[in-house]
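Written out below as C-alpha cells is the structure these notes cover.
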Amino acid sequence: MAVKWTSALLLLQLSCCFSSGMCGKVLVWPTEYSHWINMKTILDKLAQRGHEVTVLTSSASILVNPSKTSSIKFEVYPTSLTKDDFEDLFVKLLNEWIYDVPKDSFWSHFSQVEDLMWTYSDSFQKLCKDVVFNKKLMKKLQEEKFDVVLADPIGPGGELLAEILKTPLVFSMRFSPGFGLEKHGGGLPFPPSYVPVMLSELSDRMTFMERVKNMMYVLYFDFWFQTFNMKTWDRFYSEVLGRPTTLYEVMGKAEMWLIRTYWDFEFPRPLLPNFDFVGGLHCKPAKPLPKEMEDFIQSSGENGVVVFSLGSIISNLTEERANVIATALAQLPQKVLWRFDGKKPDTLGPNTRLYKWLPQNDLLGHPKTKAFITHGGTNGIYEAIYHGVPMVGIPLFADQPDNMAHMRAKGAAVTLDFTTMSSADLLSALKTIINDPIYKENAVRLSRIHHDQPVKPLDRAVFWIEFVMRHGGARHLRAAAHDLMWVQYHSLDVIGFLLACGAAVMLVLTKSCLFCYRKFATPKKKGKQE
C-alpha cells in the first residue's frame, strides 16, 4: 500500500512538471509583512507545480520562517542585525510615519518621509551587502544555476543577485512612491494629465488645479524626492559589478513586472508588454469559521457584523485612539469583530469582541458581514473586493491613503483621517457605508469585475514566471525605451533639431528677402525744389 501511495505522489509531481512544461529552480529575494504574505502565495503554487523554490532570507527576518515545514527551501544568511533590531526598526519607522509626520505641509511631509525611507533603505543595503560579500554563499548560489530570480523591488537586492548570477529576473510588487521604480526602472509610460502620481490621493478624473498638483508631484518625485538614496545604491552596485552602473539600470533588465493590482482597483493607463496586473492572487472562497466566532456572528441577527483590522503590522494603538474607536463601535447595532492586541479600551461596548488574530478572508466572505474597517492595505482591500464588501478606510502610512482614494473614487469606501477623526466621524462613516445601498452595489460591481477574468490572477503570475524560465527571459517584450537616454526618450533631440532647421530656414528666407529688397527696390524720386 505504501508503494502505491509513493507511486501516486511521484506521478502527481511529474504531471505538475509536465503541465508547466519544465521543472525549474527559482531563487527568491523577499521583503517582509504583507509583501511576503502575497509572494508566498506564488511560491506555494510554484512548489506545487514541481518547481524547486529557494528563498534567500536573513537570520533577522521577521515573517519568513525557515523552521516551518514547507515544500519551499530556505537559504538563511547571517547578518549583524537581529530579528528584534529589524522589527524595532519597522515599528519605529511606522510609528513616526503615523503619528509624527506632518500632513499640512507638502515639503515638510515628504522631506520627513524621505528621511524615513532612507533609514529603511540603509537597513536593506546592509542585508544586500551581507549576501553579495559572502563569498561562500555566492559560490553556492552560482553552483545552483537557477532558472529565474523572483524579487520584490521595494527591497533592492534581487536585481543585483540576478545580474551577478546571470539569471532572468521577475519582479512582484505593489507600488513605489511616484511610480519611481516602475517609471525609471521599468520604463512604464506616465502621462501626468490622467495618471495620478502614487501618494497624491488623486483619481484619473482631475480638475485643472488637481492636474497642477499632479504635475508638482511628478516634478518633485522625479527631481527631488528619492525613495532610496540613489547615489549610495549606484555606488554600491558599481562597486560590486566592477563597472559604472545605476540601480535603475540594473532594475531595467527585469523580464517581467507582476503588479499586485488589477482594473477593479486601478485607473486605466498605458502599459508595456512586460507588465501584467495580478491583483488579488491571494484571495479565495471563505471557509467555515470557528464555532465560537460563528455563534457570535449569528447572534447579530439581521443587523449583521462589522469586521475591523488594521493589518499585520499595527497590533497596538495609543489608549486615546483606541477609546475613540471603541466609543463609536459601541453605538452600532451590528456586532463587531476587532483585531486588537493591547490594553482593552475603557469604552469598549458589549457588541464588540477583541481578537489577536482574525480569519479575515473568511469573515469578509460571510453573508452577515456588512462593512470592513481597514487601514487600506492592498491585501485586505482585495479580500473585500473579492467578497463584495464596502469599506471604511482609516489609512495609516505608505500607499494606504492612495489605496483608499482609489476605493473612494470607485464608490466603494469612505475614508477618515486616523489622527483627527472623532467617534462621531467613525460612527457616521459606518452608518453611511451600511445604510446607503450604493456602497454595497459598487463593492459588488468591483467584485464582479474581479471574478470576470479568463485566467485567475495567481495562474497568470505563475504562467509568466514559467514563461521566463522556458524561454530564458522575455526580451522580446522589453521596450527599447531602456536603451534611450532621457533626452532621446522625450524626443528633445529631435525637437531641438527640427527647431534648429526651422530657424535656419527662416533665417535664410529673411536674409534672402532683405537682399532682394536692397538689390531691386526702386528708390523714391525727390520732388523738384521751387
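We label chains A, B, ... in the order they appear in the C-alpha cells, count residues from 1 in each chain, and number ligands from 1 in the order shown.
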Do a neighbour search on segment 54-59 of chain A at 6 Å with only C-alpha atoms, toss out local chain neighbours closer than 4 positions, and write the hits as a list in words.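 Residues meeting the cut-off are Leu27, Val28, Trp29, Lys73, Phe74, Glu75, Val76, Tyr77 and Pro78 of chain A.
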Could you pull the residues within 10 Å of Lys231 of chain A, counting only C-alpha atoms, minus those fewer than 4 positions along the same chain, as a short mmCIF file (atom, residue, chain, number, x, y, z; two decimals) with all heavy atoms, in the first residue's frame?
```
data_model
loop_
_atom_site.label_atom_id
_atom_site.label_comp_id
_atom_site.auth_asym_id
_atom_site.auth_seq_id
_atom_site.Cartn_x
_atom_site.Cartn_y
_atom_site.Cartn_z
N GLN A 226 13.74 60.95 -3.50
CA GLN A 226 14.22 59.64 -3.93
C GLN A 226 13.78 58.61 -2.89
O GLN A 226 14.04 58.79 -1.69
CB GLN A 226 15.74 59.60 -4.05
CG GLN A 226 16.29 60.50 -5.14
CD GLN A 226 15.94 60.01 -6.54
OE1 GLN A 226 15.57 58.86 -6.70
NE2 GLN A 226 16.03 60.85 -7.52
N ARG A 235 26.58 53.74 -6.28
CA ARG A 235 27.99 53.46 -5.96
C ARG A 235 28.18 52.01 -5.53
O ARG A 235 29.13 51.34 -5.95
CB ARG A 235 28.47 54.39 -4.83
CG ARG A 235 28.74 55.81 -5.27
CD ARG A 235 29.58 56.54 -4.22
NE ARG A 235 28.90 56.59 -2.93
CZ ARG A 235 28.10 57.57 -2.53
NH1 ARG A 235 27.86 58.60 -3.34
NH2 ARG A 235 27.53 57.54 -1.34
N PHE A 236 27.25 51.51 -4.72
CA PHE A 236 27.33 50.13 -4.24
C PHE A 236 27.24 49.14 -5.40
O PHE A 236 28.05 48.22 -5.51
CB PHE A 236 26.21 49.89 -3.22
CG PHE A 236 26.03 48.46 -2.82
CD1 PHE A 236 27.12 47.67 -2.45
CD2 PHE A 236 24.77 47.88 -2.79
CE1 PHE A 236 26.94 46.34 -2.06
CE2 PHE A 236 24.58 46.57 -2.42
CZ PHE A 236 25.67 45.80 -2.05
N TYR A 237 26.27 49.33 -6.29
CA TYR A 237 26.11 48.43 -7.43
C TYR A 237 27.32 48.51 -8.37
O TYR A 237 27.76 47.50 -8.92
CB TYR A 237 24.82 48.75 -8.19
CG TYR A 237 23.59 48.11 -7.59
CD1 TYR A 237 23.49 47.87 -6.22
CD2 TYR A 237 22.50 47.75 -8.37
CE1 TYR A 237 22.37 47.29 -5.66
CE2 TYR A 237 21.37 47.16 -7.82
CZ TYR A 237 21.30 46.93 -6.47
OH TYR A 237 20.19 46.35 -5.92
N THR A 246 23.80 51.98 -12.45
CA THR A 246 22.84 52.58 -11.52
C THR A 246 21.83 51.52 -11.09
O THR A 246 21.66 50.49 -11.76
CB THR A 246 22.09 53.76 -12.15
OG1 THR A 246 21.28 53.27 -13.23
CG2 THR A 246 23.06 54.82 -12.67
N LEU A 247 21.15 51.80 -10.00
CA LEU A 247 20.09 50.91 -9.54
C LEU A 247 19.02 50.76 -10.60
O LEU A 247 18.56 49.65 -10.90
CB LEU A 247 19.49 51.45 -8.24
CG LEU A 247 18.24 50.73 -7.70
CD1 LEU A 247 18.57 49.30 -7.30
CD2 LEU A 247 17.66 51.49 -6.51
#
```
What are the closest atom pairs, with distances in Å to one decimal, for each residue of segment 17-87 of chain A lying within 9 Å of segment 375-380 of chain A, using only C-alpha atoms, rows by chain and rising residue number, as CSV?
```
residue,atom,partner,partner_atom,distance
A:Ser34,CA,A:Asn379,CA,7.1
A:Ile37,CA,A:Asn379,CA,8.8
A:Asn38,CA,A:Asn379,CA,7.6
```
Have a look at atom CA of Glu32 of chain A and atom CA of Pro189 of chain A and let me know their distance in Å, one decimal.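 Distance reported for this atom pair: 28.5 Å.
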So how many Å separate atom CA of Trp107 of chain A and atom CA of Gly311 of chain A, to one decimal? 28.4 Å
Near segment 442-444 of chain A, counting only C-alpha atoms, which residues have an atom at most 8 Å away, once you skip same-chain residues fewer than 4 positions from it, shown as a list in words?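 Within the cut-off, the hits are Ala384, Ile385, His387, Gly388, Val389, Pro390, Lys410, Gly411, Ala412, Ile438 and Arg448 of chain A.
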Can you pull out every residue within 10 Å of segment 461-474 of chain A, counting only C-alpha atoms, but drop anything in the same chain fewer than 3 positions away, and send it as a VMD selection string? chain A and resid 20 to 26 42 to 43 45 to 46 49 51 146 to 150 167 to 172 253 to 260 273 to 274 276 to 279 281 455 to 458 477 to 478
Among segment 427-518 of chain A, which ones does DSSP place in helix (DSSP H, G or I), written as number ranges by chain? A: 427-435, 437-451, 457-471, 475-477, 480-483, 486-489, 492-518
Of the residues A:Tyr33, A:Asp152, A:Lys145, A:Lys129, which is the one nearest to Leu165 of chain A, using only C-alpha atoms?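 Looking only at the distances to Leu165 of chain A, the closest residue turns out to be A:Lys145.
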For the strand (DSSP E) assignment from backbone DSSP, which residues of segment 69-295 of chain A qualify? Please present them as a list in words.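 The strand (DSSP E) subset of segment 69-295 of chain A is Lys73, Phe74, Glu75, Val76, Tyr77, Val148, Val149, Leu150, Ala151, Leu169, Val170, Phe171, Ser172, Met173, Met256, Trp257, Leu258, Ile259, Phe275, Asp276 and Phe277 of chain A.
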Find the residues of segment 367-431 of chain A that sit at most 12 Å from segment 338-354 of chain A; for each, write down the nearest two atoms and how far apart they are in Å, to one decimal. Count only C-alpha atoms. Sort by chain, then by number going up, and give it as a tab-separated table.
```
residue	atom	partner	partner_atom	distance
A:Phe372	CA	A:Trp338	CA	10.2
A:Ile373	CA	A:Trp338	CA	9.1
A:Thr374	CA	A:Trp338	CA	10.5
A:His375	CA	A:Arg339	CA	11.8
A:Ser423	CA	A:Thr347	CA	11.0
```
Could I get the residues of segment 371-412 of chain A with an atom no further than 12 Å from an atom of segment 193-203 of chain A, each paired with its nearest atom pair and that distance in Å to one decimal, using only C-alpha atoms, sorted by chain and residue number, as JSON lines?
```
{"residue": "A:Pro395", "atom": "CA", "partner": "A:Glu201", "partner_atom": "CA", "distance": 11.3}
{"residue": "A:Phe397", "atom": "CA", "partner": "A:Leu199", "partner_atom": "CA", "distance": 9.8}
{"residue": "A:Ala398", "atom": "CA", "partner": "A:Leu199", "partner_atom": "CA", "distance": 7.5}
{"residue": "A:Asp399", "atom": "CA", "partner": "A:Leu199", "partner_atom": "CA", "distance": 6.2}
{"residue": "A:Gln400", "atom": "CA", "partner": "A:Leu199", "partner_atom": "CA", "distance": 8.5}
{"residue": "A:Pro401", "atom": "CA", "partner": "A:Glu201", "partner_atom": "CA", "distance": 6.5}
{"residue": "A:Asp402", "atom": "CA", "partner": "A:Glu201", "partner_atom": "CA", "distance": 4.6}
{"residue": "A:Asn403", "atom": "CA", "partner": "A:Glu201", "partner_atom": "CA", "distance": 7.9}
{"residue": "A:Met404", "atom": "CA", "partner": "A:Glu201", "partner_atom": "CA", "distance": 8.2}
{"residue": "A:Ala405", "atom": "CA", "partner": "A:Glu201", "partner_atom": "CA", "distance": 5.4}
{"residue": "A:His406", "atom": "CA", "partner": "A:Ser203", "partner_atom": "CA", "distance": 6.7}
{"residue": "A:Met407", "atom": "CA", "partner": "A:Ser203", "partner_atom": "CA", "distance": 9.9}
{"residue": "A:Arg408", "atom": "CA", "partner": "A:Ser203", "partner_atom": "CA", "distance": 9.3}
{"residue": "A:Ala409", "atom": "CA", "partner": "A:Ser203", "partner_atom": "CA", "distance": 6.6}
{"residue": "A:Lys410", "atom": "CA", "partner": "A:Ser203", "partner_atom": "CA", "distance": 9.3}
{"residue": "A:Gly411", "atom": "CA", "partner": "A:Ser203", "partner_atom": "CA", "distance": 12.0}
```
In Å to one decimal, how far is atom CA of Trp233 of chain A from atom CA of Asn214 of chain A?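 Computed distance, atom CA of Asn214 of chain A to atom CA of Trp233 of chain A, equals 27.4 Å.
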